[in-house]
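Below is start-v4.cif, which holds mmCIF, C-alpha atoms (C1' of nucleotides) and all ligand atoms.
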```
data_structure
loop_
_atom_site.label_atom_id
_atom_site.label_comp_id
_atom_site.auth_asym_id
_atom_site.auth_seq_id
_atom_site.Cartn_x
_atom_site.Cartn_y
_atom_site.Cartn_z
CA MET B 230 40.91 209.49 -24.89
CA LYS B 231 42.30 205.98 -24.84
CA ALA B 232 39.41 204.46 -22.92
CA GLU B 233 36.90 205.76 -25.44
CA ARG B 234 38.80 204.50 -28.40
CA SER B 235 39.27 201.04 -27.00
CA LEU B 236 35.63 200.91 -25.89
CA ALA B 237 34.57 201.84 -29.42
CA GLU B 238 36.74 199.07 -30.80
CA ILE B 239 35.48 196.52 -28.34
CA LEU B 240 31.84 197.38 -28.96
CA ARG B 241 32.26 197.33 -32.71
CA GLU B 242 33.99 193.98 -32.66
CA ARG B 243 31.09 192.50 -30.78
CA GLY B 244 28.39 194.21 -32.82
CA TYR B 245 27.24 196.68 -30.17
CA ARG B 246 26.52 200.31 -30.84
CA LEU B 247 28.67 203.10 -29.49
CA THR B 248 26.38 205.47 -27.64
CA PRO B 249 27.20 208.53 -25.53
CA GLN B 250 25.50 206.87 -22.56
CA ARG B 251 27.84 203.91 -22.72
CA MET B 252 30.91 206.08 -22.91
CA ILE B 253 29.77 208.20 -20.02
CA VAL B 254 29.12 205.19 -17.77
CA LEU B 255 32.45 203.55 -18.55
CA GLU B 256 34.29 206.82 -17.99
CA ALA B 257 32.55 207.31 -14.66
CA VAL B 258 33.64 203.84 -13.50
CA GLU B 259 37.20 204.33 -14.71
CA ALA B 260 37.49 207.85 -13.34
CA SER B 261 36.68 206.65 -9.84
CA ASP B 262 39.63 204.47 -8.97
CA HIS B 263 37.73 203.32 -5.92
CA HIS B 264 34.33 201.60 -5.83
CA ILE B 265 31.32 203.40 -7.28
CA SER B 266 27.61 202.56 -7.10
CA ALA B 267 25.04 202.75 -9.88
CA GLU B 268 23.40 205.74 -8.24
CA GLU B 269 26.70 207.61 -8.00
CA ILE B 270 27.36 206.85 -11.66
CA HIS B 271 23.90 208.14 -12.51
CA THR B 272 24.44 211.36 -10.58
CA LYS B 273 27.77 212.03 -12.30
CA ALA B 274 26.41 211.06 -15.69
CA HIS B 275 23.30 213.18 -15.27
CA ALA B 276 25.46 216.28 -14.90
CA ARG B 277 26.98 215.68 -18.33
CA TYR B 278 23.88 214.31 -20.02
CA PRO B 279 20.62 215.39 -18.38
CA TYR B 280 18.42 212.75 -20.03
CA MET B 281 20.51 209.87 -18.70
CA ASN B 282 18.21 207.41 -17.02
CA ILE B 283 19.13 205.11 -14.15
CA SER B 284 17.91 202.05 -16.04
CA THR B 285 20.32 202.87 -18.83
CA VAL B 286 23.09 202.97 -16.24
CA TYR B 287 22.13 199.50 -15.02
CA ARG B 288 21.81 198.10 -18.54
CA THR B 289 25.16 199.57 -19.52
CA LEU B 290 26.80 198.12 -16.43
CA GLU B 291 25.36 194.74 -17.33
CA LEU B 292 26.90 195.03 -20.77
CA LEU B 293 30.25 196.17 -19.41
CA LYS B 294 30.22 193.15 -17.09
CA GLU B 295 29.65 190.85 -20.05
CA LEU B 296 32.55 192.51 -21.85
CA ASP B 297 34.70 192.03 -18.73
CA LEU B 298 35.29 195.77 -18.44
CA VAL B 299 33.81 196.18 -14.97
CA ALA B 300 33.43 193.95 -11.93
CA GLU B 301 30.29 194.04 -9.76
CA THR B 302 30.65 193.40 -6.05
CA ASP B 303 28.50 193.31 -2.93
CA LEU B 304 30.46 195.01 -0.14
CA GLY B 305 27.52 195.09 2.23
CA GLY B 306 26.64 198.76 1.82
CA GLY B 307 23.11 198.11 0.59
CA ARG B 308 23.99 198.67 -3.04
CA LEU B 309 26.27 196.89 -5.43
CA VAL B 310 29.51 198.64 -6.34
CA TYR B 311 31.48 198.65 -9.56
CA HIS B 312 35.16 198.65 -10.27
CA PRO B 313 37.16 198.71 -13.51
CA ALA B 314 38.10 195.11 -14.27
CA GLY B 315 41.76 194.33 -14.63
CA LYS B 316 42.62 197.16 -12.26
CA ALA B 317 41.01 195.18 -9.43
CA HIS B 318 44.04 193.26 -8.24
CA HIS B 319 42.52 192.67 -4.86
CA HIS B 320 39.48 191.39 -2.97
CA HIS B 321 37.75 192.52 0.21
CA LEU B 322 36.95 191.13 3.62
CA VAL B 323 33.65 192.55 4.89
CA CYS B 324 32.92 192.35 8.62
CA ARG B 325 29.26 191.64 9.40
CA LYS B 326 29.53 193.18 12.84
CA CYS B 327 31.38 196.48 12.35
CA GLY B 328 31.03 196.76 8.56
CA LYS B 329 34.76 197.30 8.05
CA VAL B 330 35.97 196.58 4.52
CA GLN B 331 39.56 195.38 4.29
CA ASP B 332 41.69 194.90 1.16
CA ILE B 333 43.36 191.56 0.62
CA ASP B 334 45.69 190.14 -1.96
CA ARG B 335 44.21 188.64 -5.10
CA THR B 336 46.34 185.50 -4.83
CA VAL B 337 44.22 184.00 -2.05
CA PHE B 338 41.72 182.68 -4.59
CA GLU B 339 44.20 181.17 -7.00
CA ARG B 340 44.45 177.76 -5.38
CA LEU B 341 40.68 177.48 -5.11
CA ARG B 342 40.28 178.56 -8.71
CA ASP B 343 42.72 175.90 -9.85
CA GLU B 344 41.04 173.23 -7.75
CA LEU B 345 37.60 174.02 -9.16
CA LYS B 346 39.02 173.90 -12.67
CA ASP B 347 40.81 170.61 -12.07
CA ARG B 348 38.10 168.79 -10.14
CA TYR B 349 34.96 170.11 -11.79
CA GLY B 350 36.08 171.71 -15.06
CA PHE B 351 34.48 174.89 -13.74
CA ASN B 352 35.86 178.30 -14.64
CA ALA B 353 35.10 180.31 -11.49
CA GLU B 354 34.92 184.10 -11.60
CA PHE B 355 36.87 185.45 -8.67
CA GLU B 356 37.24 189.05 -9.81
CA HIS B 357 37.05 191.59 -6.99
CA MET B 358 35.21 189.44 -4.44
CA GLY B 359 33.52 190.49 -1.22
CA ILE B 360 33.99 187.89 1.51
CA PHE B 361 31.70 188.15 4.52
CA GLY B 362 32.63 187.16 8.05
CA THR B 363 33.96 188.56 11.31
CA CYS B 364 37.09 190.67 11.61
CA GLU B 365 39.79 190.18 14.20
CA ALA B 366 38.70 193.15 16.30
CA CYS B 367 35.09 191.99 16.48
CA ARG B 368 35.94 188.36 17.23
CA GLY B 369 37.14 189.22 20.72
CA GLN B 370 33.72 190.90 21.17
CA MET O 103 8.99 167.59 17.44
CA LYS O 104 12.69 167.84 18.10
CA ALA O 105 13.23 170.91 15.99
CA GLU O 106 10.59 172.86 17.87
CA ARG O 107 11.94 172.00 21.23
CA SER O 108 15.48 172.92 20.37
CA LEU O 109 14.33 176.14 18.72
CA ALA O 110 12.42 177.06 21.86
CA GLU O 111 15.54 176.44 23.93
CA ILE O 112 17.76 178.42 21.61
CA LEU O 113 15.39 181.38 21.49
CA ARG O 114 14.92 181.43 25.24
CA GLU O 115 18.63 181.30 25.90
CA ARG O 116 19.12 184.36 23.73
CA GLY O 117 16.12 186.25 25.11
CA TYR O 118 13.94 185.95 22.01
CA ARG O 119 10.25 185.08 22.12
CA LEU O 120 8.88 181.84 20.84
CA THR O 121 6.15 182.71 18.36
CA PRO O 122 4.12 180.43 16.07
CA GLN O 123 5.44 182.35 13.07
CA ARG O 124 9.03 181.56 13.99
CA MET O 125 8.33 177.88 14.45
CA ILE O 126 6.47 177.69 11.17
CA VAL O 127 9.31 179.35 9.22
CA LEU O 128 11.98 177.14 10.75
CA GLU O 129 9.93 174.01 10.12
CA ALA O 130 9.37 175.03 6.51
CA VAL O 131 13.11 175.43 5.98
CA GLU O 132 13.93 172.15 7.71
CA ALA O 133 11.12 170.24 6.00
CA SER O 134 12.50 171.13 2.59
CA ASP O 135 15.80 169.31 2.49
CA HIS O 136 16.59 171.19 -0.69
CA HIS O 137 16.76 174.98 -1.15
CA ILE O 138 13.68 177.06 -0.47
CA SER O 139 12.94 180.72 -1.18
CA ALA O 140 11.24 183.25 1.08
CA GLU O 141 8.20 183.27 -1.16
CA GLU O 142 7.90 179.47 -1.04
CA ILE O 143 8.20 179.60 2.74
CA HIS O 144 5.50 182.24 2.83
CA THR O 145 3.16 180.17 0.65
CA LYS O 146 3.63 177.07 2.81
CA ALA O 147 3.32 179.07 6.02
CA HIS O 148 0.25 180.90 4.84
CA ALA O 149 -1.59 177.61 4.44
CA ARG O 150 -1.06 176.84 8.12
CA TYR O 151 -1.41 180.38 9.42
CA PRO O 152 -3.41 182.69 7.14
CA TYR O 153 -2.25 185.94 8.69
CA MET O 154 1.42 185.17 8.11
CA ASN O 155 3.03 188.13 6.38
CA ILE O 156 5.97 187.99 3.98
CA SER O 157 7.86 190.60 6.00
CA THR O 158 7.62 188.34 9.04
CA VAL O 159 9.13 185.55 6.96
CA TYR O 160 12.05 187.79 6.03
CA ARG O 161 12.52 189.03 9.58
CA THR O 162 12.42 185.49 10.92
CA LEU O 163 14.94 184.33 8.35
CA GLU O 164 17.20 187.19 9.39
CA LEU O 165 16.97 186.02 12.99
CA LEU O 166 17.57 182.39 12.07
CA LYS O 167 20.66 183.47 10.16
CA GLU O 168 21.95 185.29 13.24
CA LEU O 169 21.33 182.16 15.29
CA ASP O 170 23.20 180.13 12.64
CA LEU O 171 20.16 177.96 12.02
CA VAL O 172 19.81 178.72 8.34
CA ALA O 173 22.18 179.70 5.55
CA GLU O 174 21.23 182.23 2.88
CA THR O 175 22.60 181.80 -0.62
CA ASP O 176 22.36 183.41 -4.04
CA LEU O 177 22.11 180.65 -6.62
CA GLY O 178 21.26 183.01 -9.45
CA GLY O 179 17.55 182.27 -9.62
CA GLY O 180 16.51 185.86 -8.95
CA ARG O 181 15.68 185.19 -5.31
CA LEU O 182 17.81 184.17 -2.37
CA VAL O 183 17.39 180.61 -1.13
CA TYR O 184 17.60 179.20 2.37
CA HIS O 185 18.98 175.95 3.68
CA PRO O 186 19.16 174.47 7.18
CA ALA O 187 22.63 175.27 8.49
CA GLY O 188 24.77 172.35 9.54
CA LYS O 189 22.99 170.13 7.03
CA ALA O 190 24.60 172.11 4.25
CA HIS O 191 27.75 170.06 3.78
CA HIS O 192 28.24 171.30 0.28
CA HIS O 193 28.49 174.37 -1.94
CA HIS O 194 27.32 175.10 -5.46
CA LEU O 195 28.84 176.04 -8.79
CA VAL O 196 26.45 178.26 -10.76
CA CYS O 197 26.98 178.60 -14.51
CA ARG O 198 26.26 182.10 -15.81
CA LYS O 199 25.59 180.85 -19.32
CA CYS O 200 23.30 177.83 -18.90
CA GLY O 201 22.23 178.41 -15.28
CA LYS O 202 23.19 174.90 -14.20
CA VAL O 203 23.71 174.49 -10.45
CA GLN O 204 26.18 171.81 -9.47
CA ASP O 205 26.94 170.44 -6.00
CA ILE O 206 30.51 170.42 -4.80
CA ASP O 207 32.28 169.22 -1.72
CA ARG O 208 32.47 171.52 1.29
CA THR O 209 36.20 170.92 1.75
CA VAL O 210 37.19 173.16 -1.19
CA PHE O 211 36.91 176.25 1.01
CA GLU O 212 38.85 174.93 3.98
CA ARG O 213 42.29 175.96 2.82
CA LEU O 214 41.08 179.44 1.93
CA ARG O 215 39.31 179.76 5.27
CA ASP O 216 42.50 178.82 7.10
CA GLU O 217 44.60 181.22 5.03
CA LEU O 218 42.24 184.14 5.72
CA LYS O 219 42.32 183.33 9.42
CA ASP O 220 46.11 183.05 9.51
CA ARG O 221 46.99 186.03 7.35
CA TYR O 222 44.24 188.48 8.28
CA GLY O 223 42.67 187.14 11.49
CA PHE O 224 39.40 187.10 9.58
CA ASN O 225 36.75 184.51 10.32
CA ALA O 226 35.17 183.98 6.89
CA GLU O 227 31.68 182.54 6.54
CA PHE O 228 31.76 179.89 3.88
CA GLU O 229 28.49 178.12 4.65
CA HIS O 230 26.64 176.91 1.57
CA MET O 231 28.25 179.20 -1.00
CA GLY O 232 27.18 179.93 -4.55
CA ILE O 233 30.19 180.32 -6.87
CA PHE O 234 29.55 181.92 -10.26
CA GLY O 235 31.42 181.12 -13.42
CA THR O 236 31.26 178.98 -16.55
CA CYS O 237 30.69 175.23 -16.53
CA GLU O 238 32.68 172.73 -18.56
CA ALA O 239 29.93 172.21 -21.14
CA CYS O 240 29.54 175.94 -21.79
CA ARG O 241 33.26 176.65 -21.97
CA GLY O 242 33.59 174.83 -25.28
CA GLN O 243 30.84 177.18 -26.51
"C1'" DA I 181 22.59 213.15 -47.87
"C1'" DA I 182 18.47 210.37 -47.38
"C1'" DT I 183 16.47 205.96 -46.09
"C1'" DA I 184 15.93 201.59 -43.89
"C1'" DT I 185 17.05 198.55 -40.30
"C1'" DT I 186 17.18 197.31 -35.70
"C1'" DA I 187 19.70 198.00 -31.30
"C1'" DT I 188 19.21 201.16 -27.53
"C1'" DT I 189 16.97 204.40 -24.66
"C1'" DG I 190 13.55 206.66 -21.51
"C1'" DC I 191 9.69 205.93 -19.02
"C1'" DA I 192 6.66 203.52 -16.12
"C1'" DA I 193 5.55 199.42 -14.05
"C1'" DT I 194 7.24 195.54 -11.50
"C1'" DA I 195 10.00 192.36 -8.46
"C1'" DG I 196 12.41 191.17 -4.35
"C1'" DC I 197 13.52 192.69 -0.09
"C1'" DT I 198 13.62 196.11 3.92
"C1'" DT I 199 11.84 199.43 7.21
"C1'" DG I 200 8.69 202.66 10.16
"C1'" DC I 201 5.04 202.58 12.91
"C1'" DA I 202 0.85 201.41 15.42
"C1'" DT I 203 -1.30 197.21 17.19
"C1'" DA I 204 -0.97 192.61 19.01
"C1'" DA I 205 0.93 189.14 21.73
"C1'" DG I 206 4.69 186.73 24.50
"C1'" DC I 207 6.43 186.52 28.96
"C1'" DA I 208 7.16 187.74 33.96
"C1'" DA I 209 5.43 189.43 38.11
"C1'" DT I 210 1.63 189.82 40.90
"C1'" DA Z 201 -6.14 184.91 36.06
"C1'" DT Z 202 -4.79 189.83 35.66
"C1'" DT Z 203 -1.59 193.35 34.76
"C1'" DG Z 204 2.30 195.61 32.83
"C1'" DC Z 205 6.32 195.65 30.13
"C1'" DT Z 206 8.52 194.92 25.89
"C1'" DT Z 207 9.24 192.31 21.70
"C1'" DA Z 208 7.25 190.81 17.44
"C1'" DT Z 209 3.82 191.21 13.86
"C1'" DG Z 210 0.94 193.12 10.06
"C1'" DC Z 211 0.45 196.61 7.05
"C1'" DA Z 212 1.95 200.02 4.00
"C1'" DA Z 213 5.51 202.61 2.20
"C1'" DG Z 214 10.17 202.67 0.52
"C1'" DC Z 215 14.51 201.04 -1.56
"C1'" DT Z 216 17.57 198.93 -5.11
"C1'" DA Z 217 17.47 196.72 -9.25
"C1'" DT Z 218 14.96 194.67 -13.43
"C1'" DT Z 219 11.78 194.49 -17.33
"C1'" DG Z 220 8.09 195.57 -21.13
"C1'" DC Z 221 7.20 198.59 -24.52
"C1'" DA Z 222 6.93 202.47 -27.62
"C1'" DA Z 223 9.92 206.13 -29.26
"C1'" DT Z 224 14.61 207.27 -30.52
"C1'" DA Z 225 18.95 207.10 -32.64
"C1'" DA Z 226 23.24 204.45 -34.29
"C1'" DT Z 227 24.79 202.15 -38.23
"C1'" DA Z 228 24.60 200.24 -43.01
"C1'" DT Z 229 22.86 200.80 -47.55
"C1'" DT Z 230 21.57 203.43 -51.26
ZN ZN B 401 38.07 196.88 -4.23
ZN ZN B 402 34.49 193.91 12.66
ZN ZN B 403 22.77 173.43 -1.54
ZN ZN B 404 26.89 176.07 -18.34
#
```

As structure tokens - that is how I would like this structure written.
Amino acid sequence: MKAERSLAEILRERGYRLTPQRMIVLEAVEASDHHISAEEIHTKAHARYPYMNISTVYRTLELLKELDLVAETDLGGGRLVYHPAGKAHHHHLVCRKCGKVQDIDRTVFERLRDELKDRYGFNAEFEHMGIFGTCEACRGQ
Amino acid sequence: MKAERSLAEILRERGYRLTPQRMIVLEAVEASDHHISAEEIHTKAHARYPYMNISTVYRTLELLKELDLVAETDLGGGRLVYHPAGKAHHHHLVCRKCGKVQDIDRTVFERLRDELKDRYGFNAEFEHMGIFGTCEACRGQ
DNA sequence: AATATTATTGCAATAGCTTGCATAAGCAAT
DNA sequence: ATTGCTTATGCAAGCTATTGCAATAATATT
């Protein structure tokens, strides 16, 4: 499978070890083309590999974040969700009142990104953001 | 004290009760003109009111957020920090590599706010934001 | 293939924050 | 002041996520 091969390459390049746990977690994130939580990943992974521990899931997700393979986002559901990086060409608006999660275009952050780079030399990470506020429907009460 | 009186008014208007715990938490947030964590608030409050419980601090902060009296922000220190709302005319850039927290002007989010309102009818909350990324010093390795 | 090295894992403990529930206390009416 | 109604608090338990540590297993070397 392509994902496995490229993961192996990426890990090797950076001096990390290729373990079954890491492959299983990455595959679980990539297989769900929507958002997936650590607990959901653990449940799926556990079916394939009964000794898989939830802390290994978290540690693997942390690594995959560092390698820019997954994005971690708070969408207000009480647990963080994960999304394959690069495939996340969007962000989300999260309504505090009704909880609705709306997709928006990724371009909305480009100007801000550029401004932060120009004015402060800061390289901001705006990959798959959750933006909290009030949606149109809820604003009229 | 002005803060107490206006808090009393605000609470009454909205049908909430004016309790010593609530006053103590709000005063602790306002007294620290920098960022303060729930645990720091609890420590300060406990000195004045020995029965003060940490869960009351959290519940009061939740209420003060609803009343738009305090802003809650993740600045990467492992605990959320609180800041008097309205006084927070700035945001922060948080470097993932060195942990540095830099102040930036509040105006950087205005254009984005307007665009989200215009395009999606969404009223985004950009009060005292923490933006994660890599600072200039760390980008050169 | 066997061995040595050391990163990674599983487990249990911990941290920060939230929630359920019985008791306490704020407020209004008397 | 007393009473009754209802919100808010303290306490303990629970939840998501993180961390310390000893055992395990991936890789390099022989
Ligand atoms: Zn998404
Ligand atoms: Zn809404
Ligand atoms: Zn600040
Ligand atoms: Zn830095």

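Atom pair atom CA of B:Val310 / atom CA of B:Glu256 has a distance of 15.0 Å (rounded to one decimal).
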
Lay chain B over chain O using all C-alpha atoms, matched one to one in order, with a least-squares fit; then write it out as a compact mmCIF listing (two decimals) with C-alpha atoms, in the frame of the given file.
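The resulting result-v2.txt:
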```txt
# COMPACT_ATOMS: atom_id res chain seq x y z
CA MET B 230 8.98 167.67 17.68
CA LYS B 231 12.70 167.92 18.27
CA ALA B 232 13.23 170.96 16.07
CA GLU B 233 10.60 172.93 17.96
CA ARG B 234 11.98 172.07 21.33
CA SER B 235 15.52 172.98 20.43
CA LEU B 236 14.36 176.19 18.74
CA ALA B 237 12.47 177.11 21.91
CA GLU B 238 15.60 176.49 23.95
CA ILE B 239 17.80 178.45 21.62
CA LEU B 240 15.45 181.42 21.51
CA ARG B 241 15.00 181.46 25.26
CA GLU B 242 18.72 181.33 25.89
CA ARG B 243 19.20 184.37 23.73
CA GLY B 244 16.21 186.28 25.07
CA TYR B 245 13.99 185.98 21.99
CA ARG B 246 10.33 185.15 22.11
CA LEU B 247 8.94 181.88 20.83
CA THR B 248 6.21 182.73 18.36
CA PRO B 249 4.16 180.46 16.09
CA GLN B 250 5.49 182.38 13.08
CA ARG B 251 9.06 181.56 13.97
CA MET B 252 8.33 177.90 14.43
CA ILE B 253 6.47 177.71 11.17
CA VAL B 254 9.30 179.34 9.20
CA LEU B 255 11.99 177.14 10.72
CA GLU B 256 9.90 174.03 10.11
CA ALA B 257 9.34 175.03 6.50
CA VAL B 258 13.10 175.41 5.94
CA GLU B 259 13.89 172.13 7.68
CA ALA B 260 11.09 170.22 5.98
CA SER B 261 12.46 171.09 2.55
CA ASP B 262 15.76 169.28 2.45
CA HIS B 263 16.56 171.16 -0.72
CA HIS B 264 16.74 174.94 -1.19
CA ILE B 265 13.64 177.03 -0.49
CA SER B 266 12.92 180.70 -1.20
CA ALA B 267 11.22 183.22 1.06
CA GLU B 268 8.16 183.24 -1.16
CA GLU B 269 7.87 179.45 -1.05
CA ILE B 270 8.17 179.57 2.73
CA HIS B 271 5.46 182.22 2.83
CA THR B 272 3.13 180.15 0.66
CA LYS B 273 3.58 177.06 2.83
CA ALA B 274 3.30 179.05 6.03
CA HIS B 275 0.21 180.89 4.85
CA ALA B 276 -1.62 177.59 4.50
CA ARG B 277 -1.07 176.84 8.18
CA TYR B 278 -1.40 180.39 9.46
CA PRO B 279 -3.40 182.68 7.18
CA TYR B 280 -2.22 185.96 8.73
CA MET B 281 1.45 185.17 8.11
CA ASN B 282 3.01 188.11 6.36
CA ILE B 283 5.95 187.97 3.97
CA SER B 284 7.87 190.57 5.96
CA THR B 285 7.62 188.35 9.01
CA VAL B 286 9.11 185.55 6.93
CA TYR B 287 12.05 187.76 5.97
CA ARG B 288 12.56 189.02 9.53
CA THR B 289 12.43 185.49 10.89
CA LEU B 290 14.94 184.31 8.31
CA GLU B 291 17.23 187.14 9.33
CA LEU B 292 16.99 186.00 12.93
CA LEU B 293 17.56 182.36 12.03
CA LYS B 294 20.67 183.43 10.10
CA GLU B 295 21.98 185.24 13.17
CA LEU B 296 21.35 182.11 15.23
CA ASP B 297 23.20 180.06 12.60
CA LEU B 298 20.14 177.90 11.99
CA VAL B 299 19.78 178.69 8.29
CA ALA B 300 22.16 179.66 5.51
CA GLU B 301 21.19 182.21 2.84
CA THR B 302 22.56 181.77 -0.66
CA ASP B 303 22.31 183.41 -4.07
CA LEU B 304 22.07 180.63 -6.66
CA GLY B 305 21.23 182.98 -9.49
CA GLY B 306 17.50 182.25 -9.66
CA GLY B 307 16.44 185.83 -8.98
CA ARG B 308 15.66 185.18 -5.34
CA LEU B 309 17.76 184.15 -2.41
CA VAL B 310 17.34 180.58 -1.17
CA TYR B 311 17.57 179.15 2.32
CA HIS B 312 18.94 175.92 3.64
CA PRO B 313 19.13 174.44 7.14
CA ALA B 314 22.60 175.22 8.46
CA GLY B 315 24.73 172.30 9.52
CA LYS B 316 22.95 170.07 7.02
CA ALA B 317 24.57 172.06 4.21
CA HIS B 318 27.73 170.04 3.78
CA HIS B 319 28.24 171.30 0.28
CA HIS B 320 28.49 174.37 -1.94
CA HIS B 321 27.33 175.11 -5.48
CA LEU B 322 28.85 176.06 -8.79
CA VAL B 323 26.46 178.28 -10.76
CA CYS B 324 27.00 178.63 -14.51
CA ARG B 325 26.29 182.14 -15.81
CA LYS B 326 25.62 180.87 -19.31
CA CYS B 327 23.32 177.85 -18.90
CA GLY B 328 22.26 178.45 -15.28
CA LYS B 329 23.21 174.92 -14.21
CA VAL B 330 23.72 174.52 -10.46
CA GLN B 331 26.22 171.83 -9.49
CA ASP B 332 26.96 170.45 -6.01
CA ILE B 333 30.54 170.44 -4.82
CA ASP B 334 32.31 169.22 -1.73
CA ARG B 335 32.50 171.53 1.26
CA THR B 336 36.23 170.93 1.72
CA VAL B 337 37.20 173.18 -1.19
CA PHE B 338 36.92 176.25 1.03
CA GLU B 339 38.86 174.93 3.98
CA ARG B 340 42.30 175.99 2.83
CA LEU B 341 41.07 179.47 1.95
CA ARG B 342 39.31 179.74 5.29
CA ASP B 343 42.48 178.81 7.12
CA GLU B 344 44.57 181.24 5.09
CA LEU B 345 42.21 184.14 5.79
CA LYS B 346 42.28 183.28 9.48
CA ASP B 347 46.06 183.02 9.58
CA ARG B 348 46.93 186.03 7.44
CA TYR B 349 44.19 188.46 8.37
CA GLY B 350 42.63 187.11 11.57
CA PHE B 351 39.36 187.05 9.65
CA ASN B 352 36.71 184.45 10.37
CA ALA B 353 35.15 183.94 6.93
CA GLU B 354 31.66 182.49 6.57
CA PHE B 355 31.75 179.86 3.88
CA GLU B 356 28.47 178.11 4.64
CA HIS B 357 26.61 176.90 1.56
CA MET B 358 28.24 179.20 -1.00
CA GLY B 359 27.18 179.93 -4.56
CA ILE B 360 30.18 180.33 -6.86
CA PHE B 361 29.55 181.95 -10.22
CA GLY B 362 31.43 181.17 -13.40
CA THR B 363 31.29 179.03 -16.53
CA CYS B 364 30.72 175.29 -16.53
CA GLU B 365 32.71 172.80 -18.55
CA ALA B 366 29.98 172.29 -21.14
CA CYS B 367 29.58 176.00 -21.79
CA ARG B 368 33.32 176.71 -21.97
CA GLY B 369 33.64 174.90 -25.28
CA GLN B 370 30.83 177.20 -26.49
```

Checklist line | Protein and nucleic acid residues within 10 Å of ligand ZN 402 (chain B) (all atoms listed in the file) as a VMD selection string | finding: (chain B and resid 322 to 331 362 to 370) or (chain O and resid 224 to 225)

Check: Counting all atoms listed in the file, what residues are within 8 Å of ligand ZN 403 (chain B), given as a PyMOL selection string?
Finding: chain O and resi 136-137+185+190+192-194+205+230-231

Next item on the list: Could the residues of chain I within 12 Å of chain B, counting all atoms listed in the file, be given as a list in words, please?
Entry: DT186, DA187, DT188, DT189, DG190, DC191, DA192, DC197 and DT198 of chain I

Note to self: Residues within 9 Å of O:Arg213, please, as a ChimeraX atom specification. Count all atoms listed in the file; anything in the same chain fewer than 4 positions from it doesn't count.
What the structure shows: /B:340-341 /O:209,217-218

Kindly list the centre and edge lengths in Å, rounded to one decimal, for the axis-aligned box that covers all listed atoms of stretch 114-133 of chain O plus 5 Å on each of its six sides, as AutoDock Vina command-line options.
```
--center_x 11.6 --center_y 178.2 --center_z 15.9 --size_x 25.0 --size_y 26.0 --size_z 29.9
```

Note to self: Residues of chain Z within 9 Å of chain B, counting all atoms listed in the file, what are they? List them as a ChimeraX atom specification.
What the structure shows: /Z:216-218,226-227

Missing atoms in stretch 321-330 of chain B: fill them in up to N, CA, C and O atoms and send the result as a short mmCIF file (atom, residue, chain, number, x, y, z; two decimals), keeping the file's coordinate frame.
```cif
data_model
loop_
_atom_site.label_atom_id
_atom_site.label_comp_id
_atom_site.auth_asym_id
_atom_site.auth_seq_id
_atom_site.Cartn_x
_atom_site.Cartn_y
_atom_site.Cartn_z
N HIS B 321 38.05 191.84 -1.05
CA HIS B 321 37.75 192.52 0.21
C HIS B 321 37.16 191.59 1.24
O HIS B 321 36.34 190.74 0.92
N LEU B 322 37.57 191.81 2.48
CA LEU B 322 36.95 191.13 3.62
C LEU B 322 35.96 192.11 4.25
O LEU B 322 36.33 193.22 4.59
N VAL B 323 34.70 191.67 4.38
CA VAL B 323 33.65 192.55 4.89
C VAL B 323 33.15 192.01 6.23
O VAL B 323 32.63 190.90 6.31
N CYS B 324 33.34 192.81 7.29
CA CYS B 324 32.92 192.35 8.62
C CYS B 324 31.42 192.59 8.81
O CYS B 324 30.93 193.69 8.62
N ARG B 325 30.72 191.54 9.20
CA ARG B 325 29.26 191.64 9.40
C ARG B 325 28.92 192.45 10.64
O ARG B 325 27.83 192.98 10.75
N LYS B 326 29.85 192.50 11.58
CA LYS B 326 29.53 193.18 12.84
C LYS B 326 29.81 194.67 12.78
O LYS B 326 28.97 195.48 13.12
N CYS B 327 31.03 195.06 12.34
CA CYS B 327 31.38 196.48 12.35
C CYS B 327 31.31 197.10 10.95
O CYS B 327 31.42 198.31 10.80
N GLY B 328 31.15 196.24 9.92
CA GLY B 328 31.03 196.76 8.56
C GLY B 328 32.35 197.12 7.89
O GLY B 328 32.37 197.55 6.75
N LYS B 329 33.46 196.94 8.61
CA LYS B 329 34.76 197.30 8.05
C LYS B 329 35.05 196.52 6.77
O LYS B 329 34.75 195.33 6.68
N VAL B 330 35.61 197.21 5.79
CA VAL B 330 35.97 196.58 4.52
C VAL B 330 37.47 196.66 4.36
O VAL B 330 38.06 197.74 4.33
#
```
